[in-house]
file model27.txt (compact mmCIF, C-alpha atoms and all ligand atoms)
# COMPACT_ATOMS: atom_id res chain seq x y z
CA MET X 1 -13.31 -31.18 11.78
CA THR X 2 -10.92 -28.26 12.36
CA ARG X 3 -11.85 -25.06 10.64
CA PRO X 4 -9.51 -23.87 7.90
CA SER X 5 -7.23 -20.90 8.62
CA ALA X 6 -5.22 -18.50 6.46
CA PRO X 7 -1.52 -19.37 6.02
CA ARG X 8 0.87 -17.98 8.64
CA GLY X 9 1.73 -14.34 8.03
CA THR X 10 -1.36 -13.73 5.86
CA ARG X 11 -4.77 -12.45 6.82
CA ASP X 12 -8.12 -11.44 5.43
CA ILE X 13 -8.56 -7.71 5.04
CA VAL X 14 -12.06 -6.97 6.32
CA ASP X 15 -14.29 -4.30 7.88
CA LEU X 16 -12.51 -1.07 8.83
CA ASP X 17 -9.23 -2.36 7.37
CA VAL X 18 -10.73 -2.86 3.96
CA ARG X 19 -12.37 0.55 4.07
CA THR X 20 -9.10 2.15 5.14
CA PHE X 21 -7.25 0.37 2.31
CA ARG X 22 -9.86 1.62 -0.14
CA ARG X 23 -9.63 5.15 1.12
CA LEU X 24 -5.86 5.10 0.75
CA GLU X 25 -6.03 3.52 -2.70
CA GLY X 26 -8.59 6.11 -3.81
CA CYS X 27 -6.50 9.03 -2.55
CA ALA X 28 -3.34 7.55 -4.03
CA GLY X 29 -4.97 7.02 -7.44
CA ALA X 30 -6.15 10.64 -7.55
CA CYS X 31 -2.72 11.98 -6.49
CA PHE X 32 -0.88 9.82 -9.02
CA GLU X 33 -3.10 11.15 -11.80
CA MET X 34 -2.49 14.70 -10.67
CA TYR X 35 1.26 14.07 -10.93
CA GLY X 36 0.94 12.53 -14.41
CA TYR X 37 1.30 8.85 -13.54
CA GLU X 38 -0.48 6.03 -15.38
CA GLU X 39 -1.56 2.89 -13.61
CA ILE X 40 0.04 -0.45 -14.43
CA ARG X 41 -0.89 -3.89 -13.11
CA THR X 42 1.96 -6.33 -13.41
CA PRO X 43 1.78 -10.07 -12.67
CA THR X 44 2.04 -11.21 -9.06
CA PHE X 45 4.75 -13.64 -10.13
CA GLU X 46 7.67 -13.16 -12.46
CA SER X 47 10.70 -15.10 -13.49
CA ALA X 48 12.79 -15.61 -10.32
CA ASP X 49 15.98 -14.24 -11.81
CA LEU X 50 14.29 -10.86 -12.45
CA PHE X 51 14.20 -10.32 -8.69
CA SER X 52 17.65 -11.69 -7.96
CA ARG X 53 19.01 -9.24 -10.52
CA ALA X 54 16.80 -6.28 -9.61
CA VAL X 55 16.55 -6.61 -5.86
CA GLY X 56 20.10 -7.93 -5.51
CA ASP X 57 21.37 -11.32 -4.44
CA THR X 58 22.99 -9.93 -1.29
CA THR X 59 19.67 -8.76 0.16
CA ASP X 60 17.57 -10.55 2.77
CA ILE X 61 14.70 -10.56 0.31
CA VAL X 62 16.56 -12.60 -2.29
CA GLU X 63 18.68 -14.63 0.10
CA LYS X 64 15.90 -15.92 2.28
CA GLU X 65 12.49 -14.33 1.79
CA MET X 66 11.34 -15.12 -1.74
CA TYR X 67 8.55 -17.56 -2.44
CA LEU X 68 10.18 -19.60 -5.16
CA PHE X 69 8.48 -22.26 -7.23
CA GLU X 70 8.63 -23.95 -10.58
CA ASP X 71 5.67 -24.02 -12.89
CA ARG X 72 4.68 -27.23 -14.63
CA GLY X 73 7.13 -26.49 -17.42
CA GLY X 74 9.97 -26.32 -14.90
CA ARG X 75 10.41 -22.52 -15.21
CA PRO X 76 11.79 -20.94 -12.02
CA LEU X 77 9.33 -18.31 -10.81
CA ALA X 78 8.89 -16.18 -7.71
CA LEU X 79 5.94 -14.41 -6.12
CA ARG X 80 6.85 -10.75 -6.37
CA PRO X 81 8.51 -9.49 -3.17
CA GLU X 82 8.27 -5.87 -4.37
CA GLY X 83 6.90 -3.89 -7.30
CA THR X 84 9.77 -2.06 -8.96
CA ALA X 85 11.34 -5.04 -10.76
CA GLY X 86 8.10 -5.91 -12.55
CA VAL X 87 7.49 -2.30 -13.59
CA VAL X 88 11.02 -1.96 -15.00
CA ARG X 89 10.56 -5.27 -16.80
CA ALA X 90 7.32 -3.94 -18.33
CA TYR X 91 8.97 -0.62 -19.26
CA LEU X 92 11.54 -2.56 -21.28
CA GLU X 93 9.21 -5.28 -22.59
CA HIS X 94 6.83 -2.68 -24.06
CA GLY X 95 9.71 -0.74 -25.56
CA TRP X 96 8.76 2.41 -23.65
CA ASP X 97 12.45 3.16 -23.25
CA GLN X 98 12.31 3.84 -27.04
CA SER X 99 8.80 5.17 -27.59
CA ALA X 100 8.17 7.07 -24.34
CA PRO X 101 11.39 7.24 -22.35
CA VAL X 102 9.86 9.74 -19.96
CA LYS X 103 7.14 7.71 -18.31
CA LYS X 104 5.55 7.60 -14.90
CA LEU X 105 3.84 4.43 -13.76
CA TRP X 106 2.07 3.54 -10.53
CA TYR X 107 0.89 0.24 -9.13
CA GLY X 108 -0.82 -1.24 -6.13
CA GLY X 109 -1.20 -4.80 -4.98
CA PRO X 110 0.00 -7.61 -2.76
CA MET X 111 3.70 -8.45 -2.30
CA PHE X 112 5.10 -11.63 -0.75
CA ARG X 113 8.05 -12.10 1.57
CA ALA X 114 8.69 -15.06 3.87
CA GLU X 115 9.58 -12.85 6.83
CA ARG X 116 9.03 -13.63 10.50
CA PRO X 117 5.47 -12.39 11.01
CA GLN X 118 4.69 -9.86 13.72
CA ALA X 119 2.36 -6.88 14.14
CA GLY X 120 2.76 -4.79 10.99
CA ARG X 121 4.94 -7.38 9.28
CA TYR X 122 3.23 -9.92 7.09
CA ARG X 123 4.13 -12.52 4.50
CA GLU X 124 1.55 -11.10 2.16
CA PHE X 125 1.32 -7.35 2.43
CA TRP X 126 0.16 -4.55 0.19
CA GLN X 127 2.09 -1.80 -1.43
CA ILE X 128 1.28 1.24 -3.51
CA GLY X 129 4.20 2.57 -5.45
CA GLY X 130 5.27 4.80 -8.28
CA GLU X 131 8.21 4.78 -10.69
CA SER X 132 9.23 7.80 -12.72
CA PHE X 133 11.53 7.02 -15.65
CA GLY X 134 13.68 9.27 -17.79
CA ASN X 135 14.07 12.38 -15.66
CA PRO X 136 17.54 12.91 -14.15
CA SER X 137 16.65 16.31 -12.67
CA PRO X 138 16.55 16.92 -8.91
CA GLN X 139 12.99 18.08 -9.58
CA ALA X 140 11.97 14.46 -10.17
CA ASP X 141 13.36 13.47 -6.75
CA ALA X 142 11.66 16.39 -5.00
CA GLU X 143 8.41 15.75 -6.85
CA THR X 144 8.43 12.10 -5.76
CA LEU X 145 8.70 13.11 -2.11
CA LEU X 146 5.90 15.63 -2.47
CA LEU X 147 3.73 13.05 -4.17
CA VAL X 148 4.20 10.69 -1.21
CA ARG X 149 3.39 13.52 1.16
CA ASP X 150 0.24 14.38 -0.83
CA ILE X 151 -0.97 10.78 -0.84
CA LEU X 152 -0.58 10.55 2.92
CA THR X 153 -2.07 13.96 3.63
CA SER X 154 -5.08 13.50 1.37
CA SER X 155 -5.85 10.14 2.96
CA GLY X 156 -5.79 11.87 6.35
CA LEU X 157 -2.40 10.85 7.73
CA THR X 158 -0.80 14.04 8.93
CA ASN X 159 0.30 13.66 12.54
CA GLY X 160 3.85 12.66 13.24
CA VAL X 161 4.82 11.58 9.72
CA ARG X 162 8.56 11.98 9.22
CA PHE X 163 10.46 12.10 5.97
CA LEU X 164 14.12 11.10 6.34
CA VAL X 165 16.22 11.97 3.32
CA ASN X 166 19.84 11.36 2.32
CA SER X 167 22.08 11.07 -0.72
CA ILE X 168 24.12 7.92 -1.23
CA GLY X 169 26.20 9.20 -4.13
CA CYS X 170 26.83 7.51 -7.45
CA ALA X 171 29.20 5.17 -9.27
CA VAL X 172 31.83 7.92 -9.26
CA CYS X 173 31.97 8.70 -5.55
CA ARG X 174 30.55 5.66 -3.81
CA PRO X 175 33.45 3.24 -4.43
CA ALA X 176 35.81 5.38 -2.31
CA TYR X 177 33.20 5.70 0.40
CA ARG X 178 32.62 1.98 0.31
CA GLU X 179 36.31 1.33 0.85
CA ALA X 180 36.40 3.76 3.78
CA LEU X 181 33.35 2.11 5.31
CA LYS X 182 34.72 -1.36 4.71
CA ALA X 183 37.97 -0.45 6.47
CA TYR X 184 36.02 0.97 9.41
CA LEU X 185 33.79 -2.11 9.66
CA THR X 186 36.64 -4.57 9.21
CA GLU X 187 38.22 -3.15 12.35
CA ARG X 188 34.93 -3.86 14.16
CA LYS X 189 34.20 -7.19 12.56
CA SER X 190 33.48 -8.82 15.91
CA ASP X 191 30.55 -6.41 16.41
CA LEU X 192 28.94 -7.34 13.10
CA CYS X 193 26.19 -9.90 12.78
CA GLU X 194 26.82 -13.04 10.78
CA ASN X 195 25.03 -11.68 7.71
CA CYS X 196 26.90 -8.39 7.74
CA VAL X 197 30.25 -10.17 8.03
CA ARG X 198 29.35 -12.30 5.04
CA ARG X 199 28.28 -9.23 3.05
CA LEU X 200 31.20 -7.07 4.11
CA GLU X 201 33.06 -7.59 0.83
CA ARG X 202 30.21 -7.15 -1.61
CA ASN X 203 27.84 -4.91 0.26
CA PRO X 204 29.29 -3.14 3.31
CA LEU X 205 26.55 -0.47 3.29
CA ARG X 206 24.14 -3.13 4.50
CA ALA X 207 25.76 -3.02 7.94
CA LEU X 208 24.42 0.52 8.43
CA ASP X 209 20.96 -0.72 7.57
CA CYS X 210 21.17 -3.94 9.63
CA LYS X 211 17.91 -4.78 11.36
CA GLY X 212 19.79 -6.88 13.96
CA ASP X 213 20.34 -5.87 17.58
CA GLY X 214 24.06 -5.14 17.14
CA PRO X 215 25.73 -1.73 17.58
CA LYS X 216 24.61 0.97 15.17
CA PHE X 217 28.10 2.25 14.22
CA THR X 218 27.24 5.86 14.90
CA GLU X 219 30.86 6.89 14.26
CA ALA X 220 31.06 5.21 10.83
CA PRO X 221 32.19 7.34 7.89
CA LEU X 222 29.32 9.16 6.20
CA MET X 223 28.53 9.25 2.50
CA ALA X 224 27.84 12.97 2.85
CA ASP X 225 31.58 13.53 3.39
CA HIS X 226 32.44 11.61 0.23
CA LEU X 227 29.94 12.97 -2.32
CA CYS X 228 31.39 14.10 -5.65
CA ASP X 229 30.61 17.62 -6.83
CA ALA X 230 27.77 16.49 -9.12
CA CYS X 231 26.09 14.47 -6.37
CA ARG X 232 26.48 17.26 -3.85
CA ALA X 233 24.95 19.75 -6.30
CA HIS X 234 22.10 17.33 -7.00
CA ARG X 235 21.42 16.81 -3.29
CA ASP X 236 21.56 20.55 -2.55
CA GLU X 237 19.11 21.25 -5.36
CA VAL X 238 16.68 18.57 -4.10
CA TYR X 239 16.82 20.11 -0.63
CA SER X 240 16.35 23.67 -1.94
CA LEU X 241 13.35 22.62 -4.03
CA LEU X 242 11.79 20.90 -1.03
CA LYS X 243 12.44 23.87 1.22
CA ALA X 244 10.88 26.19 -1.37
CA THR X 245 7.63 24.22 -1.36
CA PRO X 246 7.63 24.11 1.73
CA PHE X 247 8.02 20.52 2.83
CA SER X 248 9.06 19.31 6.22
CA PHE X 249 11.85 16.71 6.11
CA GLU X 250 14.95 15.67 8.02
CA GLU X 251 18.38 15.24 6.54
CA SER X 252 19.37 11.78 7.66
CA PRO X 253 23.05 11.20 6.85
CA ARG X 254 23.03 7.58 8.03
CA LEU X 255 20.15 6.43 5.85
CA VAL X 256 21.35 3.98 3.18
CA ARG X 257 20.17 1.65 0.49
CA GLY X 258 22.50 -1.27 0.14
CA LEU X 259 22.37 -1.75 -3.61
CA ASP X 260 24.65 -0.43 -6.30
CA TYR X 261 21.92 0.72 -8.64
CA TYR X 262 20.56 3.18 -6.07
CA THR X 263 22.00 6.60 -6.74
CA ARG X 264 21.83 9.88 -4.93
CA THR X 265 18.49 10.49 -3.20
CA VAL X 266 17.18 7.88 -0.78
CA PHE X 267 14.35 8.39 1.66
CA GLU X 268 12.26 6.67 4.27
CA VAL X 269 8.89 7.67 5.68
CA THR X 270 7.89 6.80 9.25
CA ALA X 271 4.69 7.24 11.24
CA PRO X 272 3.92 6.73 14.92
CA GLY X 273 1.56 4.05 16.23
CA GLN X 274 3.42 1.20 14.56
CA GLY X 275 5.59 -0.20 17.31
CA SER X 276 8.90 -1.39 15.91
CA GLN X 277 7.55 -1.43 12.34
CA ASP X 278 7.34 2.34 11.98
CA ALA X 279 8.58 2.52 8.37
CA ILE X 280 5.53 3.17 6.26
CA GLY X 281 7.35 3.75 3.00
CA ALA X 282 10.67 4.12 1.27
CA GLY X 283 12.08 5.22 -2.02
CA GLY X 284 14.84 6.85 -3.93
CA ARG X 285 16.66 7.31 -7.19
CA TYR X 286 17.84 4.21 -9.01
CA ASP X 287 19.62 5.39 -12.12
CA GLY X 288 21.40 2.05 -12.56
CA LEU X 289 18.51 -0.41 -12.55
CA VAL X 290 17.07 -0.15 -16.07
CA LYS X 291 20.52 -0.78 -17.51
CA LEU X 292 21.13 -3.63 -15.09
CA LEU X 293 18.00 -5.31 -16.45
CA GLY X 294 19.19 -5.00 -20.04
CA GLY X 295 17.89 -1.58 -21.08
CA PRO X 296 19.66 1.66 -21.97
CA ASP X 297 21.04 4.00 -19.31
CA THR X 298 17.83 5.47 -17.89
CA PRO X 299 17.48 7.66 -14.84
CA ALA X 300 14.61 6.69 -12.56
CA VAL X 301 13.19 7.51 -9.18
CA GLY X 302 10.45 5.74 -7.26
CA PHE X 303 8.94 4.71 -3.96
CA ALA X 304 6.66 2.20 -2.28
CA LEU X 305 4.24 2.77 0.57
CA GLY X 306 3.27 -0.12 2.85
CA VAL X 307 -0.52 -0.03 2.71
CA ASP X 308 -1.00 -2.24 5.79
CA ARG X 309 1.19 0.09 7.83
CA VAL X 310 -0.29 3.34 6.52
CA ALA X 311 -3.73 1.90 7.33
CA ARG X 312 -2.60 1.07 10.87
CA ALA X 313 -1.15 4.54 11.32
CA LEU X 314 -4.39 6.09 10.05
CA GLN X 315 -6.45 4.01 12.46
CA ALA X 316 -4.08 4.81 15.34
CA GLN X 317 -4.92 8.47 14.62
CA GLY X 318 -8.63 7.76 14.90
CA PHE X 319 -9.45 7.34 11.24
CA SER X 320 -12.89 5.89 10.87
CA ALA X 321 -14.84 5.16 7.75
CA PRO X 322 -18.36 4.15 8.70
CA PRO X 323 -19.92 1.47 6.53
CA PRO X 324 -22.89 2.57 4.40
CA LYS X 325 -26.34 2.66 5.97
CA LYS X 326 -28.08 -0.66 5.54
CA ILE X 327 -31.67 -1.38 4.55
CA PHE X 328 -33.02 -4.88 4.99
CA ILE X 329 -36.22 -5.99 3.31
CA ALA X 330 -38.04 -8.85 4.99
CA GLN X 331 -40.94 -10.65 3.35
CA ALA X 332 -43.60 -12.93 4.69
CA GLY X 333 -46.72 -14.47 3.27
CA VAL X 334 -48.37 -15.19 -0.05
CA GLY X 335 -47.82 -12.70 -2.87
CA THR X 336 -45.08 -10.64 -1.17
CA SER X 337 -42.09 -11.92 -3.11
CA VAL X 338 -42.42 -9.76 -6.24
CA THR X 339 -43.13 -6.60 -4.24
CA ALA X 340 -40.17 -7.18 -1.89
CA PHE X 341 -37.86 -7.97 -4.79
CA THR X 342 -38.89 -5.00 -6.92
CA LEU X 343 -38.72 -2.69 -3.90
CA ALA X 344 -35.07 -3.70 -3.38
CA GLN X 345 -34.31 -2.97 -7.01
CA LYS X 346 -36.17 0.34 -6.90
CA LEU X 347 -34.17 1.44 -3.87
CA ARG X 348 -30.93 0.44 -5.56
CA THR X 349 -31.88 2.43 -8.67
CA PHE X 350 -33.15 5.50 -6.88
CA VAL X 351 -30.24 6.02 -4.58
CA LYS X 352 -29.79 9.77 -4.57
CA SER X 353 -27.79 10.51 -1.47
CA GLY X 354 -24.02 11.01 -1.75
CA ARG X 355 -23.21 7.85 0.17
CA MET X 356 -25.02 4.87 -1.19
CA PRO X 357 -26.96 2.75 1.24
CA ALA X 358 -26.62 -1.02 0.99
CA ILE X 359 -29.79 -2.94 0.30
CA GLU X 360 -30.32 -6.59 1.19
CA ILE X 361 -33.33 -8.81 0.88
CA GLY X 362 -34.24 -11.62 3.24
CA ALA X 363 -34.44 -15.16 1.93
CA SER X 364 -38.05 -15.76 0.89
CA THR X 365 -37.69 -19.40 1.96
CA LYS X 366 -36.88 -18.44 5.57
CA SER X 367 -39.26 -17.60 8.41
CA LEU X 368 -39.76 -13.99 9.38
CA LYS X 369 -37.90 -14.66 12.62
CA ALA X 370 -34.91 -16.00 10.71
CA GLN X 371 -34.99 -12.96 8.42
CA PHE X 372 -35.01 -10.60 11.42
CA ARG X 373 -32.01 -12.45 12.80
CA ALA X 374 -30.29 -12.09 9.43
CA ALA X 375 -31.03 -8.34 9.43
CA ASP X 376 -29.44 -8.01 12.88
CA GLY X 377 -26.44 -10.12 11.94
CA TRP X 378 -25.89 -7.97 8.88
CA GLY X 379 -26.08 -4.80 10.98
CA ALA X 380 -29.13 -3.33 9.21
CA ASP X 381 -30.16 0.21 10.16
CA TRP X 382 -33.62 -0.04 8.61
CA LEU X 383 -35.95 -2.90 7.94
CA VAL X 384 -38.86 -2.89 5.54
CA LEU X 385 -41.34 -5.65 6.19
CA VAL X 386 -43.38 -6.62 3.18
CA GLY X 387 -46.17 -8.64 4.81
CA GLU X 388 -49.19 -10.28 3.27
CA GLU X 389 -51.77 -8.42 5.41
CA GLU X 390 -50.21 -4.95 5.02
CA LEU X 391 -49.71 -5.47 1.31
CA LYS X 392 -53.43 -6.01 0.82
CA LYS X 393 -53.82 -2.42 2.06
CA GLY X 394 -50.97 -1.22 -0.19
CA ALA X 395 -48.72 -0.70 2.85
CA VAL X 396 -45.46 -1.96 4.39
CA VAL X 397 -43.97 -1.73 7.87
CA LEU X 398 -40.89 0.45 8.21
CA LYS X 399 -38.71 -0.24 11.25
CA ASN X 400 -35.83 1.90 12.41
CA LEU X 401 -33.57 -0.73 13.99
CA ARG X 402 -31.48 1.88 15.78
CA SER X 403 -34.31 3.70 17.58
CA HIS X 404 -36.58 0.62 17.57
CA SER X 405 -39.51 2.68 16.29
CA GLN X 406 -41.81 1.34 13.61
CA GLU X 407 -44.76 2.48 11.56
CA GLU X 408 -46.96 1.35 8.74
CA ILE X 409 -46.59 3.49 5.62
CA PRO X 410 -47.94 3.33 2.06
CA LEU X 411 -45.74 1.24 -0.21
CA VAL X 412 -45.50 4.10 -2.71
CA GLU X 413 -43.83 6.32 -0.10
CA VAL X 414 -41.20 3.94 1.17
CA VAL X 415 -38.40 4.77 -1.27
CA ASP X 416 -38.65 8.52 -0.66
CA ARG X 417 -38.96 8.08 3.09
CA LEU X 418 -35.89 5.88 3.33
CA LEU X 419 -33.71 7.95 1.11
CA THR X 420 -34.68 11.13 2.95
CA SER X 421 -34.03 9.55 6.33
CA ILE X 422 -30.66 8.22 5.24
CA GLY X 423 -29.73 11.58 3.79
CA LYS X 424 -30.46 13.08 7.20
CA THR X 425 -28.45 10.55 9.17
CA ASN X 426 -25.37 10.57 6.94
P1 LIG M 501 10.64 -1.96 0.91
O1 LIG M 501 10.12 -2.49 -0.42
O2 LIG M 501 11.32 -3.02 1.74
O3 LIG M 501 11.42 -0.69 0.76
O4 LIG M 501 9.35 -1.59 1.74
C1 LIG M 501 8.55 -0.48 1.48
C2 LIG M 501 7.46 -0.43 2.52
O5 LIG M 501 6.65 -1.60 2.45
C3 LIG M 501 8.00 -0.45 3.95
O6 LIG M 501 8.32 0.85 4.38
C4 LIG M 501 6.82 -1.01 4.72
O7 LIG M 501 5.89 -0.01 5.01
C5 LIG M 501 6.20 -1.98 3.73
N1 LIG M 501 6.62 -3.37 4.02
C6 LIG M 501 7.77 -3.98 3.69
N2 LIG M 501 7.78 -5.26 4.11
C7 LIG M 501 6.60 -5.47 4.75
C8 LIG M 501 5.99 -6.58 5.42
N3 LIG M 501 6.60 -7.77 5.49
N4 LIG M 501 4.77 -6.42 5.97
C9 LIG M 501 4.12 -5.22 5.89
N5 LIG M 501 4.64 -4.14 5.26
C10 LIG M 501 5.86 -4.25 4.70
call {"tool": "encode", "arguments": {"input": "model27.txt", "output": "structure tokens", "more": "lines below"}}
Ligand code: AMP
result
Amino acid sequence: MTRPSAPRGTRDIVDLDVRTFRRLEGCAGACFEMYGYEEIRTPTFESADLFSRAVGDTTDIVEKEMYLFEDRGGRPLALRPEGTAGVVRAYLEHGWDQSAPVKKLWYGGPMFRAERPQAGRYREFWQIGGESFGNPSPQADAETLLLVRDILTSSGLTNGVRFLVNSIGCAVCRPAYREALKAYLTERKSDLCENCVRRLERNPLRALDCKGDGPKFTEAPLMADHLCDACRAHRDEVYSLLKATPFSFEESPRLVRGLDYYTRTVFEVTAPGQGSQDAIGAGGRYDGLVKLLGGPDTPAVGFALGVDRVARALQAQGFSAPPPKKIFIAQAGVGTSVTAFTLAQKLRTFVKSGRMPAIEIGASTKSLKAQFRAADGWGADWLVLVGEEELKKGAVVLKNLRSHSQEEIPLVEVVDRLLTSIGKTN
């Protein structure tokens, strides 16, 4: 029979990956708290139209990447392709726009997009993100960027991280820019990919963000030259705040977000060691989204980090998180079961060192040889053998499986000995 395998574009997160994810999640959680965010866990699926409205029906995500299904009641649902829509839905559903209009929420979890899988691009991938509602000030934009920087720095990702920042204007100034861009692109229609031609009318900014191989339109009109006074003042203030911090970023006048509800600040974060998938996160201000989803006019700014990609970047920079030390207790012979079992529990209760060792007990139904094999397979550092003969003398055998030394010691000393040794080797 063929062995089962995970669906295409998905994978099991194990070993170093899982420890890197945890490290990042731990650092992110601490940073979010420091910046006044509360955690929210939204469903992994929502009503499909929430995403077509929030993410936009001219985006790749909605046009071709959503996992759509109907539940048994015939309701159209979608696995979430991103986190913002669900958080905005929750903000409105709980009435926080009325009771706590200034609210900061963070989330982490798997997202689903039916993209073409490749290294660093999956169909199920993980994001950590934050959304800050109710603050129109440039300080909220600058704070969001610093929060992302702090999450990455505290998790250990420092080398080569780039922050690209731009302003894409607002409902006042973008329409004129859009027309200028549309005119420019219409003249070069033959250079556009099929998707960009189709979206030219409704969403010309997408052409600047096109992931295709076509020309990059380096001479295209820039939003920076079309910003209204209010947007220019906002952008300048964001940049001054960041420079006062200080924070290293690059003004990136060609960076866009193709959707109307994005306003003013947009940013992207990249890190080396990712091949073509070097974007590890993105974010920006989206003052139009809460209203678009049926709420009052509410300024908001947010971001999402790609956990899989940050983890890869961390590992490419040599990040290592060793697993805990492992103690395996083997047992053999009449009357050893209770001692072996209680010893395992005692060790688990008396763990004093900063990093907890893992404690495993061999199957009492298996031969000693099979238990030794299990200890090896598990990667044990230490093995305690509770044997019938030794136990009669009140002793056990302690083996160091790294140095291959072993000695018989009194049972009453084993907990202290192990915890001291582990403390020394940590
Ligand atoms: P987005 O929601 O498209 O702005 O993506 C935010 C971040 O999520 C990106 O910068 C990536 O790091 C990550 N990301 C997006 N799509 C994928 C994917 N298919 N696989 C892995 N990471 C992804």
call {"tool": "residues_near_ligand", "arguments": {"input": "model27.txt", "ligand": "ligand LIG 501 (chain M)", "cutoff": "8 Å", "atoms": "only C-alpha atoms and all ligand atoms", "output": "PyMOL selection string"}}
result
chain X and resi 81-83+112-115+117+120-127+268-270+277-283+303-310
call {"tool": "atom_distance", "arguments": {"input": "model27.txt", "atom1": "atom CA of Trp106 of chain X", "atom2": "atom CA of Gly129 of chain X"}}
result
5.6 Å
call {"tool": "closest_residue", "arguments": {"input": "model27.txt", "among": "X:Arg174, X:Arg202, X:Arg22, X:Arg235", "to": "Gln139 of chain X", "atoms": "only C-alpha atoms"}}
result
X:Arg235
call {"tool": "atom_distance", "arguments": {"input": "model27.txt", "atom1": "atom CA of Glu93 of chain X", "atom2": "atom CA of Gly169 of chain X"}}
result
29.0 Å
call {"tool": "residues_around", "arguments": {"input": "model27.txt", "residues": "Ile409 of chain X", "least_positions_apart": "4", "cutoff": "8 Å", "atoms": "all atoms listed in the file", "output": "list in words"}}
result
Ala395, Val396, Val397, Leu398, Glu413 and Val414 of chain X
call {"tool": "closest_residue", "arguments": {"input": "model27.txt", "among": "X:Leu419, X:Cys210, X:Ile168, X:Ala28", "to": "His234 of chain X", "atoms": "only C-alpha atoms"}}
result
X:Ile168
